[in-house]
Number of protein chains: 4
Amino acid sequence: MRFFSDNAASVHPKVLEALAAANGPDTAYDGDALSGRLNAAFSDLFETEVEALWVATGTAANSLALAAMCQPHQGVICHREAHIEQDEAGAPGFFTGGAKLMLLDGEGAKLSPESVEACCRAIRDDVHQVQPAAVSITNASEYGLVYRPDEVAGLAEVCKARGLSLHMDGARFANAVATLGCSPAELTWKAGVDAFSFGFVKNGGMSAEALIFFDREMAGDTHYRRKRAGHLQSKGRFLAAQILAMLEDDLWLENAGVANAGAQIIAEAAGDRLLYPVEANEIFIRLSADEAEKLRGAGFDFYDWGEGQARLVTSWNQSAENIRPLAEAIASL
Amino acid sequence: MRFFSDNAASVHPKVLEALAAANGPDTAYDGDALSGRLNAAFSDLFETEVEALWVATGTAANSLALAAMCQPHQGVICHREAHIEQDEAGAPGFFTGGAKLMLLDGEGAKLSPESVEACCRAIRDDVHQVQPAAVSITNASEYGLVYRPDEVAGLAEVCKARGLSLHMDGARFANAVATLGCSPAELTWKAGVDAFSFGFVKNGGMSAEALIFFDREMAGDTHYRRKRAGHLQSKGRFLAAQILAMLEDDLWLENAGVANAGAQIIAEAAGDRLLYPVEANEIFIRLSADEAEKLRGAGFDFYDWGEGQARLVTSWNQSAENIRPLAEAIASL
Amino acid sequence: MRFFSDNAASVHPKVLEALAAANGPDTAYDGDALSGRLNAAFSDLFETEVEALWVATGTAANSLALAAMCQPHQGVICHREAHIEQDEAGAPGFFTGGAKLMLLDGEGAKLSPESVEACCRAIRDDVHQVQPAAVSITNASEYGLVYRPDEVAGLAEVCKARGLSLHMDGARFANAVATLGCSPAELTWKAGVDAFSFGFVKNGGMSAEALIFFDREMAGDTHYRRKRAGHLQSKGRFLAAQILAMLEDDLWLENAGVANAGAQIIAEAAGDRLLYPVEANEIFIRLSADEAEKLRGAGFDFYDWGEGQARLVTSWNQSAENIRPLAEAIASL
Amino acid sequence: MRFFSDNAASVHPKVLEALAAANGPDTAYDGDALSGRLNAAFSDLFETEVEALWVATGTAANSLALAAMCQPHQGVICHREAHIEQDEAGAPGFFTGGAKLMLLDGEGAKLSPESVEACCRAIRDDVHQVQPAAVSITNASEYGLVYRPDEVAGLAEVCKARGLSLHMDGARFANAVATLGCSPAELTWKAGVDAFSFGFVKNGGMSAEALIFFDREMAGDTHYRRKRAGHLQSKGRFLAAQILAMLEDDLWLENAGVANAGAQIIAEAAGDRLLYPVEANEIFIRLSADEAEKLRGAGFDFYDWGEGQARLVTSWNQSAENIRPLAEAIASL
């Protein structure tokens, strides 16, 4: 069984059904009826007026958000292990026209207000040094840790004081909300987030993520940038359909709950092998090469994560019954 | 009935079926089995070894091709009414890092070897002037005209002499092949095309186009550029599945044949209203405001195309029976 | 004698003296006393508060101005024969991050309000088409014609109505002012210009042009962009010194007057050979290959300008006595 | 007396004389006789055929070199405190079209073969991670340390094995050569450097640096990029004149020797205050706030360098007599 990444999981049947249901002719690009419902649907979910755009990938969502916040000669503060730095092939540099990612340390790939403030303070206020314009955080983080609403608010406070915009990469936002039990609003705009990449693909979608602007003025040029980046699909209704299916009856939250529950089963079995608390659907454990081989021999696939460590990711489509054999295998190592 | 654009047509049932069939877990990005079949499938179709990448839009395919051909300080020769110039929001400038489109005139949005040669000759060979690196043509053209293999070869000859790469935007390549009855190979690499955007979305697909490199060395960095542009979808197998479904039993050619046949029905009815010969699935006609109103009143939707002109586009899902009422309405104006 | 370009003329002795006089130690970059005097010097000259930055070339001045006016996904309207389009190697595309130059026709390389308005009207207000953000004109134009203050104002009116910024490339602004006898203010901000490249190098300077922002808010990020483009010289006082020397006692205007007077001498001799009225220091004439050869044989150097045409440019350091032999040679052809 | 930076020192009289001597008319841009001598002059100096271009700043030289080595989607390995990272306002990101600087640690701002190799090894060879294309080192380093020829060769060996180009920022190359007593060739191409920014401005020049390509094929497009960046000055002969004056009778080496000698005087006085060995013309010392105030009170200007530290830089125009008062003041603290 695969625990490589939720990235590769199957698509939820309701999403496939939504594609079939959307298959009449309608206006091209985002002029169709389904795309036209996105702003309202997300405004409902977030309890405030937002502007929402579909895009096919989280990389595009993140980079379009950053391009709206940051001029080519400016910078974006993020964690050294942030997805935008490590795994997006330099996309932020492309979409922003060359802006610089300013890399901070922090346990579990999380930033703290102190680290952001220290970074800003260390930059001379002159034209020789790139000045930051935004901060980007990932929630849940790349190590499966969540930022609580008050933690986000703490970061937002520094941002406000320093004139920085705040972006949240929510590739696994659903997992964070499922863990925290807070409202989407509390974890985003109420805590000070300006723009937000809402991930669905890892959570049962096929090819649609949402880019949400709480600061709607910031959204304006993004429509042009999306087209210019080749991300305005002509049959956009099929992206909107996926997202609306995920929002209906909170399927997004239900799916994340399943993945999180699976992660907890593994976490309990892993015990003090755990490198980080398991707060979403990613589990990082100590695992020797021999142990890894044993697990793989038993049919479990996952990534090595540096020397003597491994990463396991659970997905929306892995039930407790699916997961238990792995948990038992780990427990009995 | 809608004749705005084939862009907005419905998706072919076999494409939807292919999506459902692809819905097991597999490796993410393009590491899956379906994506792994693309090179072979297109090499078969084109009777030569090619490298093929899926992308979600024609804009992305075109711009990635141009970025592989052209440095930021160079230029791409194209028609003044080329889609890359008129309708892609500056995407070529974005993907190439600022390269310049060099705009030529030509009947029906077609370039001629003479016009390309004259353009090159007029550029001083010094560092003050942007030097061209590539030529991009659209087949079928933006006015629904086809380039025949010998016409492409004529352009390729100038390109070769001038050291330029040759790109073909094949958003409606299927329609061109259906009209010409030639092989895909004859209309592309055998005539000198280096890279090629093979459109499927207008022709029954949902969200997958293919970028084909006949010059496979040129393809290398494109894998990086695709990711950097946010176009490497994590569930890429669903793009590959669409394309493979379109290739199977030449569905792409069959669909284009239907659209072309519909266009011929309208063309015959339009008679001397025609502004261009109808060689694919686009019809441009003289139509007064009154006449346009009459047609719209009868339930036919289409775009005005400048003063007293209209554009009608037929789609793969419009049968002769669907089309005839429009033809009759035009004939009886 | 050389009539290729004022570009290549010698440097005025007062400029060289100013360099020697500036050669004490002072703060680096633009923190020195001379650079600190620029804003005041230009504010005096223009009778309004301006922000002024030195740069080494007109290409840099023009492109920095455009980058301040235009996002990467937008466009700049200019003449098809504008220097920024024809002779700057794509610099506007580089500095703006890929913005598009939108090329208009017009006699003598001049734009008219009507042509700008028509260009704007022809662009669909949707995300598929690049939207213009600025207009750039050259005064005197690339064909040696001047825009009068009321002509600039007419263009500025369209710009204002359309939300466009107005840039003036003043590589030969001095020549235009010398011809028109108006004040620098009348020809720029009073007529609606937002930013302005004030050329000195063609007019007796060595390596310093001034970029003037009448809209001072627009200037802010330009300080960062100048550094980022490698144009913030560490011994900037030597650029400031050149400019201040050119401003002192209106040396800039005196020099331009000399060059213009020389051009008039040639213009009179050329009679109906003239292709354009001579309003600055450039003369375009009909000249057969034989005639050109004869002039060159007599020691006069100049550029051919297309078939049977030639361009002659006079410089600040060519007195009437220097010029007369050429005038006579032309008259006696 | 100023010890802020050699950046701000005066210009050597021979450089000013060369400007005056160059002040006849000549062909514009780099078509003049002086510019035409650069390749030969540097080929002599480096004992191999090189291609040399003048530019006005070290930032431009460095970034043009990197743009010749690195595609927009690639990266450049450098030290965390490299000038290109810390003090060039993001210029490498601008000139390369968004490439990423990959930052390494290392004593005294120096890279080691081991650190470069480790950096490369840590990057997964897939499209999600930016792949390095070049390494950039500064000699003398930002902390005034020199790389010896064998140290450069050690880095070049890793570069070769990894397919990376090697750039040397030689803003203070003259100081390094003066210290090492080696030939310019030994410290550059013989050790494996591909392109090289040869600094003159800090060393007695006014506004001209040289960009040297040992790999001459790499130089080709740089001529276009220089123009596109607004760095091709129309009176380029005045840049060439400066450089030729600096090369004549090894003035560049003589000047550096003076600055280095001054630094040694301070170094001896500073004793165990020194934070780094003094191998060029920069001195970093421990200095309390009180002590700094005392020195400033005595008329010595310099930069604080973090808490309780200071940076002093000596210049070509500071003789031993000029320096001794500072040395004595430090010794008597």
# chains A, B, ... in the order shown; residues from 1 in each chain; ligands from 1

$ closest_atom_pairs --of "chain B" --to "chain A" --cutoff "9 Å" --atoms "only C-alpha atoms" --output "Markdown table"
| residue | atom | partner | partner_atom | distance |
| --- | --- | --- | --- | --- |
| B:Arg2 | CA | A:Pro25 | CA | 8.2 |
| B:Phe4 | CA | A:Thr27 | CA | 8.6 |
| B:Ser5 | CA | A:Ala28 | CA | 8.1 |
| B:Asn7 | CA | A:Ser234 | CA | 5.9 |
| B:Ala8 | CA | A:Ala28 | CA | 4.7 |
| B:Ala9 | CA | A:Pro25 | CA | 5.1 |
| B:Ser10 | CA | A:Pro25 | CA | 5.0 |
| B:Val11 | CA | A:Asn23 | CA | 6.2 |
| B:His12 | CA | A:Asn23 | CA | 8.8 |
| B:Pro13 | CA | A:Ala20 | CA | 8.8 |
| B:Leu16 | CA | A:Ala20 | CA | 7.0 |
| B:Leu19 | CA | A:Leu16 | CA | 8.0 |
| B:Ala20 | CA | A:Leu16 | CA | 7.0 |
| B:Ala22 | CA | A:Ser10 | CA | 8.8 |
| B:Asn23 | CA | A:Ser10 | CA | 5.5 |
| B:Gly24 | CA | A:Ser10 | CA | 5.3 |
| B:Pro25 | CA | A:Ser10 | CA | 5.0 |
| B:Asp26 | CA | A:Ala8 | CA | 6.0 |
| B:Thr27 | CA | A:Ala8 | CA | 5.8 |
| B:Ala28 | CA | A:Ala8 | CA | 4.7 |
| B:Tyr29 | CA | A:Ala8 | CA | 8.0 |
| B:Ala56 | CA | A:Gln233 | CA | 7.0 |
| B:Thr57 | CA | A:Gln233 | CA | 6.0 |
| B:Gly58 | CA | A:Gly230 | CA | 7.5 |
| B:Thr59 | CA | A:Gly230 | CA | 4.9 |
| B:Ala60 | CA | A:Gly230 | CA | 4.6 |
| B:Ala61 | CA | A:Gly230 | CA | 8.2 |
| B:Ser63 | CA | A:Gly230 | CA | 8.2 |
| B:Glu88 | CA | A:Arg228 | CA | 6.2 |
| B:Ala89 | CA | A:Arg228 | CA | 4.9 |
| B:Gly90 | CA | A:Arg228 | CA | 5.7 |
| B:Ala91 | CA | A:Arg228 | CA | 4.3 |
| B:Pro92 | CA | A:Arg228 | CA | 8.2 |
| B:Gly93 | CA | A:Arg228 | CA | 8.7 |
| B:Phe94 | CA | A:Arg228 | CA | 6.9 |
| B:Phe95 | CA | A:Ala229 | CA | 7.6 |
| B:Gly97 | CA | A:Gly97 | CA | 8.5 |
| B:Val201 | CA | A:Ser234 | CA | 7.9 |
| B:Lys202 | CA | A:Ser234 | CA | 8.6 |
| B:Met206 | CA | A:Lys235 | CA | 6.5 |
| B:Ser207 | CA | A:Lys235 | CA | 7.0 |
| B:Tyr224 | CA | A:Ala89 | CA | 6.9 |
| B:Arg225 | CA | A:Ala89 | CA | 8.2 |
| B:Lys227 | CA | A:Ala89 | CA | 6.2 |
| B:Arg228 | CA | A:Ala91 | CA | 4.3 |
| B:Ala229 | CA | A:Ala91 | CA | 5.9 |
| B:Gly230 | CA | A:Ala60 | CA | 4.6 |
| B:His231 | CA | A:Thr57 | CA | 7.0 |
| B:Leu232 | CA | A:Thr57 | CA | 7.6 |
| B:Gln233 | CA | A:Thr57 | CA | 6.0 |
| B:Ser234 | CA | A:Asn7 | CA | 5.9 |
| B:Lys235 | CA | A:Ala8 | CA | 6.1 |
| B:Gly236 | CA | A:Ser207 | CA | 8.5 |
| B:Phe238 | CA | A:Met206 | CA | 7.7 |

$ residues_around --residues "range 245-248 of chain A" --least-positions-apart "3" --cutoff "8 Å" --atoms "only C-alpha atoms" --output "list of chain:residue names"
A:Lys14, A:Val15, A:Ala18, A:Ala41, A:Phe200, A:Gly204, A:Gly205, A:Ala241, A:Gln242, A:Leu251, A:Trp252

$ select_by_dssp --residues "range 1-249 of chain B" --states "strand (DSSP E)" --output "PyMOL selection string"
chain B and resi 51-55+74-79+100-104+131-138+165-170+195-198+209-213

$ write_last_selection --atoms "N, CA and C atoms" --output "JSON list (two decimals), in the first residue's frame"
[["chain", "number", "residue", "atom", "x", "y", "z"],
["B", 51, "GLU", "N", 9.26, 13.43, -28.37],
["B", 51, "GLU", "CA", 9.05, 13.56, -26.92],
["B", 51, "GLU", "C", 7.79, 14.38, -26.72],
["B", 52, "ALA", "N", 6.90, 13.85, -25.88],
["B", 52, "ALA", "CA", 5.58, 14.47, -25.70],
["B", 52, "ALA", "C", 5.32, 14.78, -24.24],
["B", 53, "LEU", "N", 4.82, 15.97, -23.98],
["B", 53, "LEU", "CA", 4.45, 16.36, -22.62],
["B", 53, "LEU", "C", 3.00, 16.83, -22.61],
["B", 54, "TRP", "N", 2.26, 16.39, -21.61],
["B", 54, "TRP", "CA", 0.91, 16.95, -21.47],
["B", 54, "TRP", "C", 0.98, 18.30, -20.75],
["B", 55, "VAL", "N", 0.09, 19.17, -21.13],
["B", 55, "VAL", "CA", -0.16, 20.42, -20.39],
["B", 55, "VAL", "C", -1.64, 20.73, -20.48],
["B", 74, "GLN", "N", 15.76, 37.45, -27.53],
["B", 74, "GLN", "CA", 15.50, 37.21, -28.94],
["B", 74, "GLN", "C", 14.03, 37.41, -29.28],
["B", 75, "GLY", "N", 13.64, 37.01, -30.49],
["B", 75, "GLY", "CA", 12.28, 37.25, -30.92],
["B", 75, "GLY", "C", 11.68, 36.07, -31.66],
["B", 76, "VAL", "N", 10.37, 36.10, -31.76],
["B", 76, "VAL", "CA", 9.61, 35.08, -32.47],
["B", 76, "VAL", "C", 8.78, 35.76, -33.55],
["B", 77, "ILE", "N", 8.95, 35.33, -34.76],
["B", 77, "ILE", "CA", 8.18, 35.87, -35.88],
["B", 77, "ILE", "C", 6.85, 35.15, -35.95],
["B", 78, "CYS", "N", 5.77, 35.93, -36.01],
["B", 78, "CYS", "CA", 4.44, 35.32, -36.14],
["B", 78, "CYS", "C", 3.52, 36.30, -36.85],
["B", 79, "HIS", "N", 2.32, 35.85, -37.12],
["B", 79, "HIS", "CA", 1.35, 36.72, -37.78],
["B", 79, "HIS", "C", 0.76, 37.70, -36.77],
["B", 100, "LYS", "N", 10.39, 39.05, -27.77],
["B", 100, "LYS", "CA", 9.51, 39.93, -28.54],
["B", 100, "LYS", "C", 8.82, 39.15, -29.65],
["B", 101, "LEU", "N", 7.53, 39.37, -29.82],
["B", 101, "LEU", "CA", 6.85, 38.83, -30.99],
["B", 101, "LEU", "C", 7.00, 39.83, -32.13],
["B", 102, "MET", "N", 7.41, 39.34, -33.27],
["B", 102, "MET", "CA", 7.64, 40.18, -34.45],
["B", 102, "MET", "C", 6.51, 39.90, -35.43],
["B", 103, "LEU", "N", 5.70, 40.90, -35.66],
["B", 103, "LEU", "CA", 4.39, 40.69, -36.27],
["B", 103, "LEU", "C", 4.39, 40.94, -37.77],
["B", 104, "LEU", "N", 3.92, 39.95, -38.51],
["B", 104, "LEU", "CA", 3.84, 40.06, -39.96],
["B", 104, "LEU", "C", 2.38, 40.06, -40.42],
["B", 131, "GLN", "N", 17.03, 40.05, -32.36],
["B", 131, "GLN", "CA", 17.23, 39.09, -33.44],
["B", 131, "GLN", "C", 16.21, 37.95, -33.31],
["B", 132, "PRO", "N", 15.60, 37.54, -34.39],
["B", 132, "PRO", "CA", 14.61, 36.45, -34.30],
["B", 132, "PRO", "C", 15.31, 35.10, -34.07],
["B", 133, "ALA", "N", 14.63, 34.23, -33.35],
["B", 133, "ALA", "CA", 15.15, 32.89, -33.10],
["B", 133, "ALA", "C", 14.17, 31.81, -33.57],
["B", 134, "ALA", "N", 12.94, 32.21, -33.83],
["B", 134, "ALA", "CA", 11.93, 31.20, -34.16],
["B", 134, "ALA", "C", 10.81, 31.82, -34.98],
["B", 135, "VAL", "N", 10.10, 30.94, -35.67],
["B", 135, "VAL", "CA", 8.88, 31.32, -36.38],
["B", 135, "VAL", "C", 7.76, 30.46, -35.82],
["B", 136, "SER", "N", 6.61, 31.07, -35.59],
["B", 136, "SER", "CA", 5.45, 30.30, -35.11],
["B", 136, "SER", "C", 4.29, 30.48, -36.09],
["B", 137, "ILE", "N", 3.74, 29.37, -36.53],
["B", 137, "ILE", "CA", 2.57, 29.41, -37.40],
["B", 137, "ILE", "C", 1.43, 28.61, -36.76],
["B", 138, "THR", "N", 0.22, 28.91, -37.17],
["B", 138, "THR", "CA", -0.96, 28.24, -36.62],
["B", 138, "THR", "C", -1.63, 27.47, -37.75],
["B", 165, "SER", "N", 14.16, 28.27, -35.45],
["B", 165, "SER", "CA", 13.34, 27.10, -35.17],
["B", 165, "SER", "C", 11.92, 27.35, -35.66],
["B", 166, "LEU", "N", 11.19, 26.27, -35.90],
["B", 166, "LEU", "CA", 9.83, 26.41, -36.41],
["B", 166, "LEU", "C", 8.83, 25.73, -35.47],
["B", 167, "HIS", "N", 7.91, 26.52, -34.99],
["B", 167, "HIS", "CA", 6.86, 26.04, -34.09],
["B", 167, "HIS", "C", 5.52, 26.07, -34.81],
["B", 168, "MET", "N", 4.72, 25.03, -34.58],
["B", 168, "MET", "CA", 3.36, 25.03, -35.10],
["B", 168, "MET", "C", 2.36, 24.95, -33.96],
["B", 169, "ASP", "N", 1.48, 25.95, -33.92],
["B", 169, "ASP", "CA", 0.36, 25.94, -32.98],
["B", 169, "ASP", "C", -0.74, 25.13, -33.63],
["B", 170, "GLY", "N", -0.96, 23.93, -33.11],
["B", 170, "GLY", "CA", -1.95, 23.05, -33.70],
["B", 170, "GLY", "C", -3.22, 22.94, -32.88],
["B", 195, "ALA", "N", 8.82, 21.86, -33.12],
["B", 195, "ALA", "CA", 7.98, 21.60, -31.94],
["B", 195, "ALA", "C", 6.56, 22.00, -32.28],
["B", 196, "PHE", "N", 5.63, 21.40, -31.57],
["B", 196, "PHE", "CA", 4.27, 21.39, -32.05],
["B", 196, "PHE", "C", 3.29, 21.31, -30.88],
["B", 197, "SER", "N", 2.33, 22.20, -30.86],
["B", 197, "SER", "CA", 1.28, 22.17, -29.83],
["B", 197, "SER", "C", 0.08, 21.45, -30.43],
["B", 198, "PHE", "N", -0.21, 20.27, -29.92],
["B", 198, "PHE", "CA", -1.26, 19.44, -30.48],
["B", 198, "PHE", "C", -2.51, 19.63, -29.62],
["B", 209, "GLU", "N", -3.68, 19.09, -23.46],
["B", 209, "GLU", "CA", -3.09, 19.28, -24.78],
["B", 209, "GLU", "C", -1.74, 18.58, -24.75],
["B", 210, "ALA", "N", -1.19, 18.35, -25.91],
["B", 210, "ALA", "CA", 0.13, 17.72, -25.95],
["B", 210, "ALA", "C", 1.13, 18.67, -26.60],
["B", 211, "LEU", "N", 2.29, 18.73, -25.97],
["B", 211, "LEU", "CA", 3.40, 19.49, -26.55],
["B", 211, "LEU", "C", 4.40, 18.46, -27.09],
["B", 212, "ILE", "N", 4.59, 18.49, -28.40],
["B", 212, "ILE", "CA", 5.39, 17.47, -29.08],
["B", 212, "ILE", "C", 6.70, 18.08, -29.57],
["B", 213, "PHE", "N", 7.79, 17.47, -29.17],
["B", 213, "PHE", "CA", 9.09, 17.91, -29.69],
["B", 213, "PHE", "C", 9.59, 16.89, -30.70]]

$ closest_residue --among "C:Glu282, C:Asp194, C:Asp215, C:Asp250" --to "Ala140 in chain C" --atoms "only C-alpha atoms"
C:Glu282

$ atom_distance --atom1 "CA of Glu47 in chain C" --atom2 "CA of Ser35 in chain C"
19.1 Å

$ select_by_dssp --residues "range 61-145 of chain B" --states "alpha helix (DSSP H)" --output "JSON, numbers by chain"
{"B": [61, 62, 63, 64, 65, 66, 67, 68, 69, 83, 84, 85, 86, 91, 92, 93, 94, 95, 96, 113, 114, 115, 116, 117, 118, 119, 120, 121, 122]}

$ write_last_selection --atoms "C-alpha atoms" --output "CSV table (one decimal), in the first residue's frame"
chain,number,residue,atom,x,y,z
B,61,ALA,CA,2.0,24.4,-24.8
B,62,ASN,CA,2.7,27.3,-27.2
B,63,SER,CA,4.7,29.3,-24.7
B,64,LEU,CA,6.7,26.3,-23.4
B,65,ALA,CA,7.6,25.5,-27.0
B,66,LEU,CA,8.7,29.1,-27.7
B,67,ALA,CA,10.7,29.2,-24.4
B,68,ALA,CA,12.6,26.2,-25.7
B,69,MET,CA,13.4,27.9,-28.9
B,83,HIS,CA,-3.3,33.5,-31.2
B,84,ILE,CA,0.0,33.9,-29.3
B,85,GLU,CA,-0.1,37.6,-30.1
B,86,GLN,CA,-3.8,38.4,-29.8
B,91,ALA,CA,2.1,34.5,-22.3
B,92,PRO,CA,5.0,34.2,-24.7
B,93,GLY,CA,6.7,37.2,-23.1
B,94,PHE,CA,6.2,35.6,-19.7
B,95,PHE,CA,7.5,32.2,-20.5
B,96,THR,CA,10.4,33.4,-22.6
B,113,PRO,CA,8.3,32.4,-46.9
B,114,GLU,CA,8.7,35.7,-48.6
B,115,SER,CA,7.2,37.7,-45.6
B,116,VAL,CA,9.5,35.8,-43.1
B,117,GLU,CA,12.5,36.4,-45.3
B,118,ALA,CA,11.7,40.1,-45.7
B,119,CYS,CA,11.3,40.4,-41.9
B,120,CYS,CA,14.7,38.9,-41.3
B,121,ARG,CA,16.4,40.9,-43.9
B,122,ALA,CA,15.0,44.2,-42.4

$ closest_residue --among "C:Thr222, C:Ser288, C:Ala240, C:Gly257" --to "Ala33 in chain C" --atoms "only C-alpha atoms"
C:Ala240

$ atom_distance --atom1 "CA of Arg37 in chain C" --atom2 "CA of Asp125 in chain A"
22.2 Å

$ residues_around --residues "Val258 in chain B" --least-positions-apart "2" --cutoff "8 Å" --atoms "only C-alpha atoms" --output "PyMOL selection string"
chain B and resi 254-256+260-262+315-319

$ write_last_selection --atoms "N, CA and C atoms" --output "compact mmCIF listing (two decimals), in the first residue's frame"
# COMPACT_ATOMS: atom_id res chain seq x y z
N GLU B 254 -11.61 11.71 -36.25
CA GLU B 254 -13.05 11.53 -36.46
C GLU B 254 -13.80 12.78 -35.98
N ASN B 255 -13.46 13.24 -34.78
CA ASN B 255 -14.13 14.43 -34.24
C ASN B 255 -13.93 15.64 -35.15
N ALA B 256 -12.70 15.81 -35.61
CA ALA B 256 -12.41 16.96 -36.46
C ALA B 256 -13.20 16.86 -37.77
N ASN B 260 -15.56 19.74 -39.24
CA ASN B 260 -15.30 20.26 -40.58
C ASN B 260 -16.53 20.10 -41.49
N ALA B 261 -17.17 18.94 -41.40
CA ALA B 261 -18.35 18.72 -42.24
C ALA B 261 -19.43 19.74 -41.93
N GLY B 262 -19.59 20.01 -40.65
CA GLY B 262 -20.57 21.03 -40.25
C GLY B 262 -20.22 22.38 -40.86
N SER B 315 -18.32 22.51 -33.93
CA SER B 315 -17.64 21.67 -32.96
C SER B 315 -17.87 20.19 -33.26
N TRP B 316 -17.06 19.38 -32.63
CA TRP B 316 -17.11 17.93 -32.84
C TRP B 316 -18.48 17.35 -32.49
N ASN B 317 -19.18 18.02 -31.60
CA ASN B 317 -20.46 17.45 -31.13
C ASN B 317 -21.67 18.03 -31.85
N GLN B 318 -21.43 18.71 -32.96
CA GLN B 318 -22.56 19.24 -33.72
C GLN B 318 -22.70 18.45 -35.02
N SER B 319 -23.75 17.66 -35.06
CA SER B 319 -23.99 16.82 -36.23
C SER B 319 -24.56 17.66 -37.37
